[in-house]
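work-v8.csv (CSV, C-alpha atoms)
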chain,number,residue,atom,x,y,z
A,1,MET,CA,7.5,-20.5,15.7
A,2,MET,CA,9.9,-17.7,15.0
A,3,ASN,CA,9.7,-18.1,11.2
A,4,PHE,CA,5.9,-17.9,11.4
A,5,MET,CA,6.1,-14.7,13.4
A,6,MET,CA,8.5,-13.1,10.9
A,7,THR,CA,6.2,-14.0,7.9
A,8,MET,CA,3.2,-12.6,9.7
A,9,MET,CA,4.9,-9.3,10.4
A,10,ALA,CA,6.2,-8.9,6.8
A,11,MET,CA,2.9,-9.9,5.2
A,12,PRO,CA,0.9,-6.7,5.6
A,13,THR,CA,3.5,-4.4,4.1
A,14,ASN,CA,4.1,-6.8,1.2
A,15,ARG,CA,0.3,-6.8,0.6
A,16,GLY,CA,0.2,-3.1,0.8
A,17,LYS,CA,3.1,-2.7,-1.7
A,18,ARG,CA,1.3,-5.0,-4.2
A,19,LEU,CA,-1.9,-3.0,-3.7
A,20,VAL,CA,-0.2,0.3,-4.3
A,21,LYS,CA,1.4,-1.1,-7.5
A,22,MET,CA,-1.9,-2.4,-8.7
A,23,LEU,CA,-3.8,0.9,-8.0
A,24,GLU,CA,-1.0,2.9,-9.8
A,25,ARG,CA,-1.3,0.6,-12.8
A,26,LEU,CA,-5.1,1.2,-12.9
A,27,LEU,CA,-4.6,4.9,-12.8
A,28,LYS,CA,-2.2,4.8,-15.8
A,29,GLN,CA,-5.1,3.3,-17.8
A,30,ASP,CA,-7.5,6.1,-16.8
A,31,HIS,CA,-9.3,5.9,-20.2
A,32,LEU,CA,-11.0,2.7,-19.0
A,33,TYR,CA,-12.7,4.2,-16.0
A,34,SER,CA,-15.2,6.9,-15.3
A,35,ASP,CA,-14.4,10.0,-13.2
A,36,ASP,CA,-16.1,8.6,-10.1
A,37,GLU,CA,-14.1,5.4,-10.4
A,38,ILE,CA,-10.8,7.4,-10.8
A,39,LYS,CA,-11.6,9.4,-7.7
A,40,THR,CA,-12.3,6.2,-5.7
A,41,ILE,CA,-9.1,4.7,-6.9
A,42,LYS,CA,-7.1,7.8,-6.0
A,43,SER,CA,-8.7,7.9,-2.5
A,44,GLN,CA,-7.9,4.2,-1.9
A,45,LEU,CA,-4.3,4.8,-3.0
A,46,ARG,CA,-3.9,7.7,-0.7
A,47,VAL,CA,-5.3,5.7,2.3
A,48,VAL,CA,-3.1,2.7,1.6
A,49,LYS,CA,0.0,4.9,1.3
A,50,ASP,CA,-0.9,6.7,4.6
A,51,GLU,CA,-1.4,3.4,6.4
A,52,MET,CA,1.9,2.0,5.1
A,53,ALA,CA,3.7,5.1,6.2
A,54,LYS,CA,2.2,4.9,9.6
A,55,ALA,CA,3.1,1.2,10.0
A,56,GLU,CA,6.6,1.9,8.8
A,57,SER,CA,7.1,4.7,11.2
A,58,LEU,CA,5.9,2.5,14.1
A,59,SER,CA,8.2,-0.4,13.1
A,60,LYS,CA,11.3,1.7,12.4
A,61,LYS,CA,13.4,2.0,15.5
A,62,GLY,CA,17.1,2.6,15.5
A,63,PHE,CA,19.8,5.1,15.0
A,64,GLY,CA,18.7,8.2,13.1
A,65,LYS,CA,15.1,6.9,12.6
A,66,LYS,CA,12.2,9.0,13.5
What would the structure in this file look like if it were written as structure tokens?
Amino acid sequence: MMNFMMTMMAMPTNRGKRLVKMLERLLKQDHLYSDDEIKTIKSQLRVVKDEMAKAESLSKKGFGKK
């Protein structure tokens, strides 16, 4: 039971990190996409990074952590 809980807690950040890497790779190949698609990718990347930062700030508790 404990192992299941630990994997469930780690999964969203792992998925988020993979999503950030993928979106950043897409932005490096900007010649393949139109301006509207690039704006959409950038907005999605911003949202994912904000959500990950929020989740990390809620989960970090300890000495010197804010």
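The space between atom CA of A:Met22 and atom CA of A:Lys61 spans 29.0 Å.
Our summary of the geometry notes that atom CA of A:Ile41 is positioned 20.0 Å from atom CA of A:Lys54.
Atom pair atom CA of A:Gly16 / atom CA of A:Lys60 has a distance of 16.8 Å (rounded to one decimal).
Compared by their closest atoms to A:Glu37, and using all atoms listed in the file, the residues A:Ser59, A:Thr13, A:Leu23, A:Arg18 rank with A:Leu23 nearest.
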Pick from A:Val20, A:Leu26, A:Leu58, A:Leu32, whichever lies nearest to A:Leu45 using only C-alpha atoms: A:Val20
